[in-house]
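Notes follow the structure.
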Amino acid sequence: MPTQVRIFAMPKSLGETLAGSTTTSVPAPAQEYKNDRPASPELRSRLPIMETIPEKPKEGGLTFAHQDSLPKLPIPDLEQTCKKYLAALKPLQGPREHAETRYAVQEFLKKDGPELQKKLQEYAVGKTSYIEQFWYDSYLNFDNPVVLNLNPFFLLEDDPTPARNNQVTRAASLVVSALEFVRAVRREELPPDMVKGTPLDMYQYSRLFGTARVPTENGCQIEQDPESKHVVVLCHGQFYWFDVLDDNSDLIMSEKDISINLQTIIDDAAQTPIQEAAKGALGILSTENRKIWSGLRDVLTKEEGSNNADCLGIVDSALFVLCLDYTEPSTSAAVCQNMLCGTNDVVKGVQIGTCINRWYDKLQIIVCKNGSAGINFEHTGVDGHTVLRFASDLYTDTILRFARTINGQAPSLWKTASPDPSKRDPESFGEVTTTPHKLEWDISPELNIAIRFAETRLADLISQNEFECLDFSGYGKNFITGTGFSPDAFVQMAFQAAYYGLYGRVECTYEPAMTKAFLHGRTEAIRTVTEESVNFCQTFWADHPAEAKVEALRKACQQHVNSTKECSKGRGCDRHLYALFCVWQRYLDDEVSRSASSLGYSSPVENGSEQGSAVGSPAKDSVLSDEMRTRQRGDSTNSRYQEHPVPAIFADGGWDKLNSTILSTSNCGNPSLRQFGFGPTAGGGFGIGYIIKDEGISICVASKHRQTKRFVDTLEGYLLEIRRILRITGRRPTTGRQTRAREIDPDKPRPSHHRLKTRGRMITGADSLRALAARSSTGTRSPTEESLMMSEDDELGGYGFFDAGMLLQALKARGEALDQQGESKASERAAASARRREIGKKLRLVEY
């Protein structure tokens, strides 16, 4: 009997939504499908579907309360954009190359630029955002596999209660918290995001659940069931589902009920040997090239009477996918890889790694056997900041819910809570299916072969990438701010210095700035490489005084802060230029289309997985970066541009250079996360996700085997070295921020009745430093103490470009060598040990 599938509501197309959207519009009520219509999205007409939750707030609703007051993203001034474009390219180009780019920009401002600016302004009238449609297209027209190319991951911290860090308990707890979040969004009870009192756009939260990226012959589309009530569970590559919400979005299952369902699923999945289950693991197809995946979906549904269309409908319309992995990664790098792309484990010629236990077209919550949990998300409709809020609330709610089992008065994140399912009348749940159901796919020989080849291609892709993590605990936000630096700018300069120390050059670097202070805002590109950052890298690695290095760092960080502020206000150059390029491409397509129709000619469409550049030039092989090539479709012959030449700014090599990102970086996280990361965006680049915590920095680096471990070691060495330099120039305490009790001024006059309290010598961090200096020749200091007390004459000095990776080892080895010098005298060692214990106690007092 075919699996029952809930009837979908007819969504509006994305084109309709964007073309007619205003800040006060409310979509008309959705027309229901009749029961005799096919329920599966596969059998519906392929439209760019984007069903939305109305942004006009409900009466008393919180989530969209500020949507009407949000300003639109401004279209920047053309000359200012070009000025910033040149500034971003100058440190990346040689004099001759930059002169050519300057000339191209001048030509653009004289000829095509003003006309394209005018067309963009006309296009933006009545639109929610001038960039939104183009931005969706850039993702949805991406043909390569989304795994390792588009989908990022978050790795949650372990549950603070060790007994709850087993797979079933952790997974059930996270599912319940996720459902409470869904309920809060749908009931508009989720408080809006704020930054320093400024409300942020909340539109992306309506894209998060019940959504799927569906491939078609003409690019992907986003489909959504806004009334989805079920979740899909993947275990050993096998698919299961059950309902979790009623029609009011209230939970119909308790955490215990969900735990029972999950254990039932695990037991059932284990009955099929993993090698046998792997051969039918259809989730692997979601890792294919998008055009191939589109064709395979057609193969899945072409057989009459097949159950596959219904199964696809269940998966596509699920709130989210829960992946239960059988592995227990032992290192940070291994668990990060598991969350990003799964493991690659071939046994007797059969892939049994967790890479077969995924569905990358949807939001996924992944839980390992040891309780390690993370999130992998489809990036088209949501940015990291939105999913970070989801992850943070998810983690927080699991803790608070456990606290309420101890103390019923413990607080809750939610304005209202679902009624206790155990106390409800089952009849009030409506027509729901709470017992897990396994999806039985009809696997034809053709699909068997497709699964095999998809797996081998994915195994290649995973093998081509490597991952390294740095859980740096030397210092974090508190120390950085205590020395007067912006934490994000400070870490960005660390990436620049580490790369320069390894390769002696700078490369194009990208960092996203959030623009959600604007209606439907997404991101703008911060260009980290500036003349100031280059000067800092050169100063740091040369033989300069510590003060000069710190001053160069301060200037570079300040420039980065200024750039970030401008980008957050929508005044960067990248999105504006990309929109101008899209307007030109759109105009060109219209002209070619009119010309072709008048001649009875239709332009060819490329076949296969390889995609040509959308823009050609007689003088150049390509005028687009790899990223831009994947965004465009159609005829790429040079004859197309003889009558409509490429605007000079886009034909110039600088456009390619700025869109070929070597260091792709992103700062996204808080204490609820252990790590955050993504794959490299260029074959010769690094993907760097980082989280700046109060007392540490978590960094995940991915690359296609570009000495990732060596880069991470160099980065750690730099972080230790710059701390030493900051200490010897500023003599600051080891922590940048003190508690209230430590902020009392010791020199403040005291009343006479405080005389007794002032007797004795106050012990401070400075005393410890003096004590260290007094015994500088004893050879009893630890590597950390040695790093702190080294004089300026002992700075980086001899550590040049070729041995920069040895910096960390050198700092540690210095302490070890000095300790060894004292081995000849046992009495000295005993005395030194006693002195170390005494100093340690004093430092702990200062710390606390």
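Within each chain, counting starts at residue 1; across the structure tokens, chains are named A, B, ... in the order shown, with ligands numbered 1 upward in that order.
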
Sel. of strand (DSSP E or B) residues, segment 269-463 of chain A, as an mmCIF file with all heavy atoms, in the first residue's frame:
```cif
data_model
loop_
_atom_site.group_PDB
_atom_site.id
_atom_site.type_symbol
_atom_site.label_atom_id
_atom_site.label_comp_id
_atom_site.auth_asym_id
_atom_site.auth_seq_id
_atom_site.Cartn_x
_atom_site.Cartn_y
_atom_site.Cartn_z
ATOM 1 N N VAL A 321 15.352 16.898 8.715
ATOM 2 C CA VAL A 321 15.821 15.514 8.701
ATOM 3 C C VAL A 321 16.724 15.296 9.921
ATOM 4 O O VAL A 321 17.618 16.094 10.184
ATOM 5 C CB VAL A 321 16.591 15.197 7.408
ATOM 6 C CG1 VAL A 321 17.203 13.802 7.472
ATOM 7 C CG2 VAL A 321 15.685 15.317 6.192
ATOM 8 N N LEU A 322 16.470 14.233 10.650
ATOM 9 C CA LEU A 322 17.318 13.827 11.773
ATOM 10 C C LEU A 322 18.176 12.656 11.319
ATOM 11 O O LEU A 322 17.656 11.617 10.908
ATOM 12 C CB LEU A 322 16.467 13.418 12.976
ATOM 13 C CG LEU A 322 17.210 12.818 14.168
ATOM 14 C CD1 LEU A 322 18.119 13.853 14.817
ATOM 15 C CD2 LEU A 322 16.228 12.252 15.191
ATOM 16 N N CYS A 323 19.501 12.808 11.353
ATOM 17 C CA CYS A 323 20.439 11.762 10.929
ATOM 18 C C CYS A 323 21.056 11.108 12.157
ATOM 19 O O CYS A 323 21.749 11.776 12.935
ATOM 20 C CB CYS A 323 21.542 12.352 10.041
ATOM 21 S SG CYS A 323 20.932 13.238 8.587
ATOM 22 N N LEU A 324 20.804 9.827 12.338
ATOM 23 C CA LEU A 324 21.370 9.074 13.457
ATOM 24 C C LEU A 324 22.556 8.274 12.929
ATOM 25 O O LEU A 324 22.380 7.302 12.185
ATOM 26 C CB LEU A 324 20.323 8.148 14.062
ATOM 27 C CG LEU A 324 19.069 8.841 14.639
ATOM 28 C CD1 LEU A 324 18.075 7.797 15.153
ATOM 29 C CD2 LEU A 324 19.448 9.805 15.751
ATOM 30 N N VAL A 346 35.105 2.587 3.194
ATOM 31 C CA VAL A 346 34.788 1.519 2.232
ATOM 32 C C VAL A 346 35.272 0.189 2.785
ATOM 33 O O VAL A 346 36.456 0.023 3.097
ATOM 34 C CB VAL A 346 35.440 1.801 0.859
ATOM 35 C CG1 VAL A 346 35.136 0.668 -0.116
ATOM 36 C CG2 VAL A 346 34.937 3.126 0.300
ATOM 37 N N VAL A 347 34.362 -0.759 2.935
ATOM 38 C CA VAL A 347 34.673 -2.089 3.446
ATOM 39 C C VAL A 347 34.246 -3.118 2.403
ATOM 40 O O VAL A 347 33.075 -3.170 2.018
ATOM 41 C CB VAL A 347 33.959 -2.364 4.789
ATOM 42 C CG1 VAL A 347 34.228 -3.793 5.253
ATOM 43 C CG2 VAL A 347 34.411 -1.360 5.845
ATOM 44 N N VAL A 350 32.327 -1.765 -0.489
ATOM 45 C CA VAL A 350 31.028 -1.132 -0.239
ATOM 46 C C VAL A 350 31.219 0.057 0.698
ATOM 47 O O VAL A 350 31.885 -0.059 1.740
ATOM 48 C CB VAL A 350 30.017 -2.125 0.372
ATOM 49 C CG1 VAL A 350 28.689 -1.430 0.656
ATOM 50 C CG2 VAL A 350 29.811 -3.306 -0.569
ATOM 51 N N GLN A 351 30.634 1.196 0.340
ATOM 52 C CA GLN A 351 30.715 2.394 1.167
ATOM 53 C C GLN A 351 29.760 2.268 2.346
ATOM 54 O O GLN A 351 28.540 2.167 2.180
ATOM 55 C CB GLN A 351 30.319 3.619 0.334
ATOM 56 C CG GLN A 351 30.278 4.919 1.104
ATOM 57 C CD GLN A 351 31.641 5.351 1.606
ATOM 58 O OE1 GLN A 351 31.973 5.191 2.783
ATOM 59 N NE2 GLN A 351 32.452 5.895 0.697
ATOM 60 N N GLN A 364 19.381 19.584 8.332
ATOM 61 C CA GLN A 364 19.653 18.297 8.965
ATOM 62 C C GLN A 364 20.195 18.496 10.382
ATOM 63 O O GLN A 364 21.084 19.323 10.598
ATOM 64 C CB GLN A 364 20.695 17.505 8.167
ATOM 65 C CG GLN A 364 20.321 17.226 6.725
ATOM 66 C CD GLN A 364 21.447 16.531 5.979
ATOM 67 O OE1 GLN A 364 21.493 15.321 5.881
ATOM 68 N NE2 GLN A 364 22.379 17.309 5.453
ATOM 69 N N ILE A 365 19.664 17.735 11.320
ATOM 70 C CA ILE A 365 20.234 17.638 12.668
ATOM 71 C C ILE A 365 20.922 16.276 12.731
ATOM 72 O O ILE A 365 20.291 15.243 12.501
ATOM 73 C CB ILE A 365 19.153 17.762 13.753
ATOM 74 C CG1 ILE A 365 18.484 19.134 13.688
ATOM 75 C CG2 ILE A 365 19.760 17.535 15.136
ATOM 76 C CD1 ILE A 365 17.317 19.297 14.663
ATOM 77 N N ILE A 366 22.218 16.271 13.032
ATOM 78 C CA ILE A 366 23.023 15.050 12.984
ATOM 79 C C ILE A 366 23.470 14.698 14.403
ATOM 80 O O ILE A 366 24.008 15.549 15.118
ATOM 81 C CB ILE A 366 24.253 15.254 12.081
ATOM 82 C CG1 ILE A 366 23.813 15.680 10.672
ATOM 83 C CG2 ILE A 366 25.103 13.987 12.019
ATOM 84 C CD1 ILE A 366 24.948 16.182 9.798
ATOM 85 N N VAL A 367 23.235 13.458 14.816
ATOM 86 C CA VAL A 367 23.623 13.006 16.162
ATOM 87 C C VAL A 367 24.423 11.720 16.033
ATOM 88 O O VAL A 367 23.954 10.735 15.448
ATOM 89 C CB VAL A 367 22.396 12.781 17.062
ATOM 90 C CG1 VAL A 367 22.847 12.422 18.480
ATOM 91 C CG2 VAL A 367 21.504 14.015 17.094
ATOM 92 N N ALA A 373 26.561 16.226 18.476
ATOM 93 C CA ALA A 373 25.453 16.661 17.624
ATOM 94 C C ALA A 373 25.821 17.918 16.856
ATOM 95 O O ALA A 373 26.598 18.755 17.324
ATOM 96 C CB ALA A 373 24.192 16.904 18.465
ATOM 97 N N GLY A 374 25.258 18.043 15.679
ATOM 98 C CA GLY A 374 25.503 19.218 14.847
ATOM 99 C C GLY A 374 24.369 19.460 13.886
ATOM 100 O O GLY A 374 23.376 18.718 13.845
ATOM 101 N N ILE A 375 24.523 20.512 13.095
ATOM 102 C CA ILE A 375 23.513 20.917 12.123
ATOM 103 C C ILE A 375 24.204 21.166 10.794
ATOM 104 O O ILE A 375 25.236 21.838 10.734
ATOM 105 C CB ILE A 375 22.785 22.202 12.588
ATOM 106 C CG1 ILE A 375 22.014 21.950 13.881
ATOM 107 C CG2 ILE A 375 21.849 22.724 11.503
ATOM 108 C CD1 ILE A 375 21.470 23.203 14.534
ATOM 109 N N ASN A 376 23.640 20.613 9.735
ATOM 110 C CA ASN A 376 24.091 20.887 8.372
ATOM 111 C C ASN A 376 22.894 21.483 7.650
ATOM 112 O O ASN A 376 21.806 20.910 7.681
ATOM 113 C CB ASN A 376 24.562 19.599 7.697
ATOM 114 C CG ASN A 376 25.151 19.839 6.316
ATOM 115 O OD1 ASN A 376 24.451 20.239 5.385
ATOM 116 N ND2 ASN A 376 26.436 19.570 6.161
ATOM 117 N N HIS A 437 7.268 5.055 10.461
ATOM 118 C CA HIS A 437 7.050 4.312 9.226
ATOM 119 C C HIS A 437 8.335 4.341 8.408
ATOM 120 O O HIS A 437 8.948 5.397 8.257
ATOM 121 C CB HIS A 437 5.917 4.929 8.400
ATOM 122 C CG HIS A 437 4.548 4.610 8.913
ATOM 123 N ND1 HIS A 437 4.104 5.010 10.150
ATOM 124 C CD2 HIS A 437 3.525 3.904 8.356
ATOM 125 C CE1 HIS A 437 2.867 4.593 10.344
ATOM 126 N NE2 HIS A 437 2.489 3.914 9.259
ATOM 127 N N LYS A 438 8.703 3.194 7.887
ATOM 128 C CA LYS A 438 9.891 3.116 7.041
ATOM 129 C C LYS A 438 9.482 3.341 5.591
ATOM 130 O O LYS A 438 8.527 2.732 5.105
ATOM 131 C CB LYS A 438 10.563 1.757 7.198
ATOM 132 C CG LYS A 438 11.868 1.618 6.409
ATOM 133 C CD LYS A 438 12.535 0.276 6.679
ATOM 134 C CE LYS A 438 13.859 0.159 5.949
ATOM 135 N NZ LYS A 438 14.543 -1.125 6.244
#
```

Would you mind listing, for every residue of segment 300-333 of chain A within 10 Å of segment 457-470 of chain A, the two atoms forming the shortest contact and the distance between them in Å to one decimal, using only C-alpha atoms, sorted by chain and ascending residue number, as CSV?
```
residue,atom,partner,partner_atom,distance
A:Thr331,CA,A:Cys469,CA,9.0
A:Ser332,CA,A:Cys469,CA,6.2
A:Ala333,CA,A:Glu468,CA,5.1
```

Neighbouring residues of Leu156 of chain A were defined as those with any atom within 8 Å, considering only C-alpha atoms; residues of the same chain fewer than 4 positions away were excluded. Please report them as an MDAnalysis selection string. chainID A and resid 372:375 391 395 672:675

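Each of A:Leu715, A:Val315, A:Ile699, A:Met253 was checked against Ser173 of chain A using only C-alpha atoms; the smallest atom-to-atom distance is that of A:Met253.
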
Can you pull out every residue within 8 Å of segment 527-542 of chain A, counting only C-alpha atoms, but drop anything in the same chain fewer than 5 positions away, and send it as a VMD selection string? chain A and resid 87 to 88 90 to 92 492 to 493 496 to 497 500 to 501 506 to 511 548 to 549 552 to 553 555 to 557 559 to 560 563 796 to 797 800 to 801

Close residues, Ser206 of chain A itself excluded, 12 Å, only C-alpha atoms, min 3 positions apart in chain, as a compact mmCIF listing (two decimals) with N, CA and C atoms, in the first residue's frame:
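Done, and the output landed in result-v7.txt:
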```txt
# COMPACT_ATOMS: atom_id res chain seq x y z
N MET A 50 8.29 29.32 -3.63
CA MET A 50 8.76 29.88 -2.37
C MET A 50 7.54 30.29 -1.55
N GLU A 51 6.87 29.35 -0.94
CA GLU A 51 5.74 29.68 -0.09
C GLU A 51 6.24 30.45 1.13
N THR A 52 5.60 31.54 1.46
CA THR A 52 6.09 32.37 2.56
C THR A 52 5.08 32.44 3.69
N ILE A 53 5.59 32.64 4.88
CA ILE A 53 4.75 32.98 6.02
C ILE A 53 4.51 34.48 5.97
N PRO A 54 3.29 34.94 6.11
CA PRO A 54 3.02 36.38 5.99
C PRO A 54 3.89 37.18 6.94
N GLU A 55 4.43 38.30 6.42
CA GLU A 55 5.30 39.13 7.25
C GLU A 55 4.53 40.20 8.00
N THR A 63 7.37 38.06 16.30
CA THR A 63 8.42 37.74 15.34
C THR A 63 8.56 38.77 14.24
N PHE A 64 7.44 39.15 13.63
CA PHE A 64 7.48 40.08 12.50
C PHE A 64 7.01 41.48 12.89
N PHE A 181 10.85 25.46 18.83
CA PHE A 181 11.28 26.60 18.02
C PHE A 181 10.36 26.77 16.81
N VAL A 182 10.02 25.67 16.15
CA VAL A 182 9.08 25.72 15.03
C VAL A 182 7.76 26.34 15.48
N ARG A 183 7.27 25.88 16.61
CA ARG A 183 6.01 26.40 17.14
C ARG A 183 6.08 27.90 17.40
N ALA A 184 7.21 28.35 17.97
CA ALA A 184 7.36 29.77 18.27
C ALA A 184 7.38 30.61 16.99
N VAL A 185 8.01 30.09 15.93
CA VAL A 185 8.05 30.81 14.66
C VAL A 185 6.65 30.88 14.05
N ARG A 186 5.96 29.77 14.03
CA ARG A 186 4.64 29.74 13.40
C ARG A 186 3.61 30.55 14.15
N ARG A 187 3.72 30.59 15.46
CA ARG A 187 2.80 31.39 16.26
C ARG A 187 3.29 32.83 16.43
N GLU A 188 4.42 33.13 15.81
CA GLU A 188 5.04 34.46 15.86
C GLU A 188 5.32 34.89 17.29
N LEU A 190 8.42 34.05 18.56
CA LEU A 190 9.88 34.13 18.65
C LEU A 190 10.29 35.60 18.68
N ASP A 201 15.88 41.81 10.32
CA ASP A 201 14.89 41.13 9.49
C ASP A 201 14.71 39.68 9.96
N MET A 202 13.47 39.24 10.02
CA MET A 202 13.16 37.89 10.51
C MET A 202 12.61 36.99 9.41
N TYR A 203 12.65 37.47 8.18
CA TYR A 203 12.03 36.75 7.07
C TYR A 203 12.63 35.35 6.88
N PHE A 209 12.02 25.72 7.92
CA PHE A 209 11.43 24.41 8.17
C PHE A 209 10.44 24.02 7.07
N GLY A 210 10.34 22.72 6.83
CA GLY A 210 9.44 22.22 5.80
C GLY A 210 9.89 22.61 4.40
N THR A 211 11.16 22.90 4.24
CA THR A 211 11.70 23.44 2.99
C THR A 211 12.69 22.46 2.37
N GLN A 224 8.30 24.35 -0.36
CA GLN A 224 8.03 24.37 1.08
C GLN A 224 6.60 23.97 1.36
N ASP A 225 6.44 23.15 2.38
CA ASP A 225 5.13 22.86 2.93
C ASP A 225 5.00 23.65 4.23
N PRO A 226 4.29 24.78 4.20
CA PRO A 226 4.23 25.63 5.40
C PRO A 226 3.43 25.01 6.54
N GLU A 227 2.75 23.89 6.28
CA GLU A 227 1.96 23.24 7.32
C GLU A 227 2.54 21.87 7.67
N LEU A 319 9.63 18.64 8.20
CA LEU A 319 10.12 19.83 8.91
C LEU A 319 11.64 19.91 8.82
N GLY A 381 18.14 29.81 1.24
CA GLY A 381 17.20 30.75 1.82
C GLY A 381 17.59 31.30 3.17
N VAL A 382 18.66 30.77 3.78
CA VAL A 382 19.02 31.20 5.12
C VAL A 382 20.53 31.41 5.22
N THR A 386 20.95 33.26 11.00
CA THR A 386 19.62 32.71 11.27
C THR A 386 19.72 31.32 11.88
N VAL A 387 20.55 30.47 11.29
CA VAL A 387 20.69 29.10 11.80
C VAL A 387 21.41 29.11 13.15
N HIS A 520 14.68 41.97 4.26
CA HIS A 520 15.17 40.80 3.52
C HIS A 520 16.67 40.90 3.28
```

Surrounding residues of Arg522 of chain A excluding itself and chain neighbours under 3 positions, 9 Å, only C-alpha atoms, as a PyMOL selection string: chain A and resi 132+135+382-383+513-516+518

Please dump the current selection as an mmCIF file, in the first residue's frame; keep C-alpha atoms.
```cif
data_model
loop_
_atom_site.group_PDB
_atom_site.id
_atom_site.type_symbol
_atom_site.label_atom_id
_atom_site.label_comp_id
_atom_site.auth_asym_id
_atom_site.auth_seq_id
_atom_site.Cartn_x
_atom_site.Cartn_y
_atom_site.Cartn_z
ATOM 1 C CA GLU A 132 17.310 39.409 -3.498
ATOM 2 C CA TRP A 135 21.080 36.305 -4.903
ATOM 3 C CA VAL A 382 19.024 31.203 5.121
ATOM 4 C CA ASP A 383 22.329 32.613 6.314
ATOM 5 C CA ALA A 513 28.935 41.110 6.879
ATOM 6 C CA MET A 514 25.314 40.741 7.925
ATOM 7 C CA THR A 515 22.860 43.242 6.367
ATOM 8 C CA LYS A 516 19.750 42.014 8.191
ATOM 9 C CA PHE A 518 17.435 45.952 6.115
#
```

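For the choices A:Gln93, A:Gln121, A:Gln67, A:Thr708, the atom-to-atom distance to Trp655 of chain A is smallest for A:Gln93 when using only C-alpha atoms.
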